[in-house]
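> Have a look at the structure that comes next, please.
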Amino acid sequence: MADTIIGKITHYYDKIGVAVIKVTRPLAVGETIKIIGHGKEFTQTVSSMQMEHKEITKAKKGQIIGLKLDQLVKKGDEVLKVKL
């Protein structure tokens, strides 16, 4: 099965390693995502998400969330949900 695009990076705070993502499809803690863009690609499991500085376990289409990432990303990078 192909991976599904679920959002885009709209901002990245490099000092704290947090990306702001505009979600276009649902995402939940525990799911695996792949970040692609600017000649780079990596995969990680979603361990926590925040919306307006509050912990959430699920993000819905249209929400803007904060997500701690393991590697540097840039504005415009795509976020995909990995089908296992």
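Following the order of the structure tokens, first chain is A, next is B, and so on, with residues numbered from 1 inside each chain and ligands from 1 in the order they appear.
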For region 45-52 of chain A, please output as a PDB file with N, CA and C atoms, in the first residue's frame all residues within 8 Å (counting only C-alpha atoms; exclusion window: fewer than 5 positions along the same chain).


ATOM      1  N   ALA A  28      -2.960  10.186  14.464  1.00  0.00           N
ATOM      2  CA  ALA A  28      -3.058   9.847  15.887  1.00  0.00           C
ATOM      3  C   ALA A  28      -1.688   9.498  16.452  1.00  0.00           C
ATOM      4  N   VAL A  29      -1.545   9.702  17.758  1.00  0.00           N
ATOM      5  CA  VAL A  29      -0.333   9.298  18.465  1.00  0.00           C
ATOM      6  C   VAL A  29      -0.162   7.789  18.283  1.00  0.00           C
ATOM      7  N   GLY A  30       1.086   7.362  18.042  1.00  0.00           N
ATOM      8  CA  GLY A  30       1.385   5.943  17.826  1.00  0.00           C
ATOM      9  C   GLY A  30       1.519   5.570  16.363  1.00  0.00           C
ATOM     10  N   GLU A  31       1.005   6.416  15.467  1.00  0.00           N
ATOM     11  CA  GLU A  31       1.125   6.138  14.039  1.00  0.00           C
ATOM     12  C   GLU A  31       2.523   6.538  13.558  1.00  0.00           C
ATOM     13  N   THR A  32       2.928   5.954  12.431  1.00  0.00           N
ATOM     14  CA  THR A  32       4.232   6.235  11.856  1.00  0.00           C
ATOM     15  C   THR A  32       4.070   7.223  10.709  1.00  0.00           C
ATOM     16  N   ILE A  33       4.936   8.248  10.708  1.00  0.00           N
ATOM     17  CA  ILE A  33       4.906   9.248   9.637  1.00  0.00           C
ATOM     18  C   ILE A  33       6.249   9.284   8.921  1.00  0.00           C
ATOM     19  N   THR A  57      -4.372  13.490  21.406  1.00  0.00           N
ATOM     20  CA  THR A  57      -4.023  12.143  20.939  1.00  0.00           C
ATOM     21  C   THR A  57      -4.409  11.932  19.481  1.00  0.00           C
ATOM     22  N   LYS A  58      -5.318  12.781  18.970  1.00  0.00           N
ATOM     23  CA  LYS A  58      -5.737  12.686  17.573  1.00  0.00           C
ATOM     24  C   LYS A  58      -5.858  14.076  16.980  1.00  0.00           C
ATOM     25  N   ILE A  64      -4.260  22.610  13.009  1.00  0.00           N
ATOM     26  CA  ILE A  64      -2.841  22.951  12.958  1.00  0.00           C
ATOM     27  C   ILE A  64      -2.239  22.483  14.271  1.00  0.00           C
ATOM     28  N   ILE A  65      -1.241  21.590  14.172  1.00  0.00           N
ATOM     29  CA  ILE A  65      -0.680  20.955  15.366  1.00  0.00           C
ATOM     30  C   ILE A  65       0.826  21.188  15.459  1.00  0.00           C
ATOM     31  N   GLY A  66       1.342  20.999  16.647  1.00  0.00           N
ATOM     32  CA  GLY A  66       2.777  21.004  16.877  1.00  0.00           C
ATOM     33  C   GLY A  66       3.233  19.575  17.102  1.00  0.00           C
ATOM     34  N   LEU A  67       4.367  19.225  16.515  1.00  0.00           N
ATOM     35  CA  LEU A  67       4.862  17.854  16.585  1.00  0.00           C
ATOM     36  C   LEU A  67       6.366  17.871  16.788  1.00  0.00           C
ATOM     37  N   LYS A  68       6.840  17.203  17.822  1.00  0.00           N
ATOM     38  CA  LYS A  68       8.282  17.090  18.088  1.00  0.00           C
ATOM     39  C   LYS A  68       8.866  16.110  17.073  1.00  0.00           C
TER      40      LYS A  68
END

> Which residues come within 9 Å of Gly7 (chain A), counting only C-alpha atoms, excluding same-chain residues fewer than 2 positions away, as a list in words?

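The filter keeps Ile5, Ile9, Ile21, Lys22, Val23, Thr24, Arg25, Lys61, Asp77, Glu78, Val79 and Leu80 of chain A.
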
> Would you mind writing down, as a PyMOL selection string, each residue of chain A that DSSP on the backbone assigns to strand (DSSP E or B)?

chain A and resi 4-13+18-23+27-28+32-37+40-45+49-51+54-56+58-59+64-68+78-81

> Could the residues in this selection be written to a file with N, CA and C atoms, as a short mmCIF file (atom, residue, chain, number, x, y, z; two decimals), in the first residue's frame?


data_model
loop_
_atom_site.label_atom_id
_atom_site.label_comp_id
_atom_site.auth_asym_id
_atom_site.auth_seq_id
_atom_site.Cartn_x
_atom_site.Cartn_y
_atom_site.Cartn_z
N THR A 4 0.20 7.85 2.49
CA THR A 4 -0.79 8.88 2.20
C THR A 4 -0.33 10.23 2.74
N ILE A 5 -0.40 11.27 1.91
CA ILE A 5 -0.05 12.61 2.37
C ILE A 5 -1.12 13.06 3.37
N ILE A 6 -0.67 13.50 4.55
CA ILE A 6 -1.61 13.92 5.58
C ILE A 6 -1.39 15.37 6.03
N GLY A 7 -0.41 16.04 5.45
CA GLY A 7 -0.19 17.43 5.83
C GLY A 7 1.11 18.01 5.30
N LYS A 8 1.32 19.29 5.64
CA LYS A 8 2.54 20.01 5.24
C LYS A 8 3.09 20.77 6.43
N ILE A 9 4.41 20.89 6.45
CA ILE A 9 5.08 21.69 7.46
C ILE A 9 4.86 23.16 7.11
N THR A 10 4.33 23.93 8.07
CA THR A 10 4.13 25.36 7.83
C THR A 10 5.17 26.19 8.55
N HIS A 11 5.82 25.62 9.57
CA HIS A 11 6.87 26.32 10.32
C HIS A 11 7.69 25.30 11.08
N TYR A 12 8.94 25.62 11.37
CA TYR A 12 9.79 24.73 12.16
C TYR A 12 10.59 25.55 13.16
N TYR A 13 10.49 25.17 14.43
CA TYR A 13 11.25 25.82 15.51
C TYR A 13 12.48 24.97 15.79
N VAL A 18 10.51 21.39 17.01
CA VAL A 18 9.07 21.21 16.84
C VAL A 18 8.63 21.79 15.50
N ALA A 19 7.83 21.00 14.78
CA ALA A 19 7.26 21.44 13.51
C ALA A 19 5.79 21.76 13.70
N VAL A 20 5.34 22.79 12.99
CA VAL A 20 3.92 23.12 12.93
C VAL A 20 3.40 22.51 11.63
N ILE A 21 2.34 21.72 11.75
CA ILE A 21 1.81 20.99 10.60
C ILE A 21 0.35 21.30 10.40
N LYS A 22 -0.03 21.65 9.16
CA LYS A 22 -1.44 21.79 8.80
C LYS A 22 -1.90 20.41 8.34
N VAL A 23 -2.80 19.82 9.10
CA VAL A 23 -3.25 18.44 8.87
C VAL A 23 -4.37 18.42 7.83
N LEU A 27 -4.65 12.08 12.00
CA LEU A 27 -3.39 11.55 12.49
C LEU A 27 -3.53 11.29 13.98
N ALA A 28 -2.96 10.19 14.46
CA ALA A 28 -3.06 9.85 15.89
C ALA A 28 -1.69 9.50 16.45
N THR A 32 2.93 5.95 12.43
CA THR A 32 4.23 6.23 11.86
C THR A 32 4.07 7.22 10.71
N ILE A 33 4.94 8.25 10.71
CA ILE A 33 4.91 9.25 9.64
C ILE A 33 6.25 9.28 8.92
N LYS A 34 6.20 9.82 7.71
CA LYS A 34 7.41 10.04 6.92
C LYS A 34 7.41 11.50 6.50
N ILE A 35 8.54 12.16 6.66
CA ILE A 35 8.69 13.55 6.24
C ILE A 35 9.56 13.55 4.98
N ILE A 36 9.08 14.21 3.93
CA ILE A 36 9.80 14.27 2.66
C ILE A 36 9.90 15.71 2.20
N GLY A 37 11.11 16.10 1.79
CA GLY A 37 11.28 17.43 1.22
C GLY A 37 12.70 17.90 1.27
N LYS A 40 15.55 15.33 1.33
CA LYS A 40 15.71 14.58 2.56
C LYS A 40 14.44 13.79 2.85
N GLU A 41 14.60 12.67 3.55
CA GLU A 41 13.45 11.85 3.91
C GLU A 41 13.78 11.07 5.18
N PHE A 42 12.83 11.04 6.13
CA PHE A 42 13.00 10.21 7.32
C PHE A 42 11.65 9.79 7.86
N THR A 43 11.67 8.73 8.67
CA THR A 43 10.46 8.15 9.24
C THR A 43 10.57 8.17 10.76
N GLN A 44 9.43 8.40 11.42
CA GLN A 44 9.41 8.32 12.88
C GLN A 44 7.99 8.04 13.36
N THR A 45 7.88 7.57 14.59
CA THR A 45 6.58 7.32 15.21
C THR A 45 6.15 8.59 15.95
N MET A 49 1.56 15.01 20.37
CA MET A 49 1.12 16.13 19.54
C MET A 49 0.52 17.18 20.45
N GLN A 50 0.58 18.42 20.01
CA GLN A 50 -0.06 19.51 20.76
C GLN A 50 -0.85 20.38 19.81
N MET A 51 -1.93 20.93 20.35
CA MET A 51 -2.70 21.92 19.62
C MET A 51 -2.99 23.04 20.62
N LYS A 54 -1.76 22.37 24.19
CA LYS A 54 -2.39 21.30 24.96
C LYS A 54 -2.15 19.97 24.26
N GLU A 55 -1.83 18.93 25.06
CA GLU A 55 -1.60 17.60 24.50
C GLU A 55 -2.89 17.07 23.88
N ILE A 56 -2.77 16.45 22.69
CA ILE A 56 -3.90 15.78 22.05
C ILE A 56 -3.44 14.40 21.60
N LYS A 58 -5.32 12.78 18.97
CA LYS A 58 -5.74 12.69 17.57
C LYS A 58 -5.86 14.08 16.98
N ALA A 59 -5.47 14.19 15.72
CA ALA A 59 -5.63 15.44 14.98
C ALA A 59 -6.58 15.19 13.83
N ILE A 64 -4.26 22.61 13.01
CA ILE A 64 -2.84 22.95 12.96
C ILE A 64 -2.24 22.48 14.27
N ILE A 65 -1.24 21.59 14.17
CA ILE A 65 -0.68 20.95 15.37
C ILE A 65 0.83 21.19 15.46
N GLY A 66 1.34 21.00 16.65
CA GLY A 66 2.78 21.00 16.88
C GLY A 66 3.23 19.57 17.10
N LEU A 67 4.37 19.22 16.52
CA LEU A 67 4.86 17.85 16.58
C LEU A 67 6.37 17.87 16.79
N LYS A 68 6.84 17.20 17.82
CA LYS A 68 8.28 17.09 18.09
C LYS A 68 8.87 16.11 17.07
N GLU A 78 6.53 17.70 3.05
CA GLU A 78 5.29 16.95 3.14
C GLU A 78 5.36 15.92 4.26
N VAL A 79 4.21 15.71 4.90
CA VAL A 79 4.09 14.71 5.96
C VAL A 79 3.17 13.61 5.44
N LEU A 80 3.66 12.37 5.46
CA LEU A 80 2.89 11.23 5.00
C LEU A 80 2.66 10.24 6.12
N LYS A 81 1.49 9.58 6.12
CA LYS A 81 1.24 8.50 7.06
C LYS A 81 1.72 7.22 6.40
#

> Could you work out how far CA of Val82 (chain A) lies from CA of Lys60 (chain A), giving the answer in Å with one decimal?

16.9 Å

> Between CA of His38 (chain A) and CA of Gly17 (chain A), what is the distance, to one decimal in Å?

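Result for CA of His38 (chain A) versus CA of Gly17 (chain A): 17.1 Å, one decimal.
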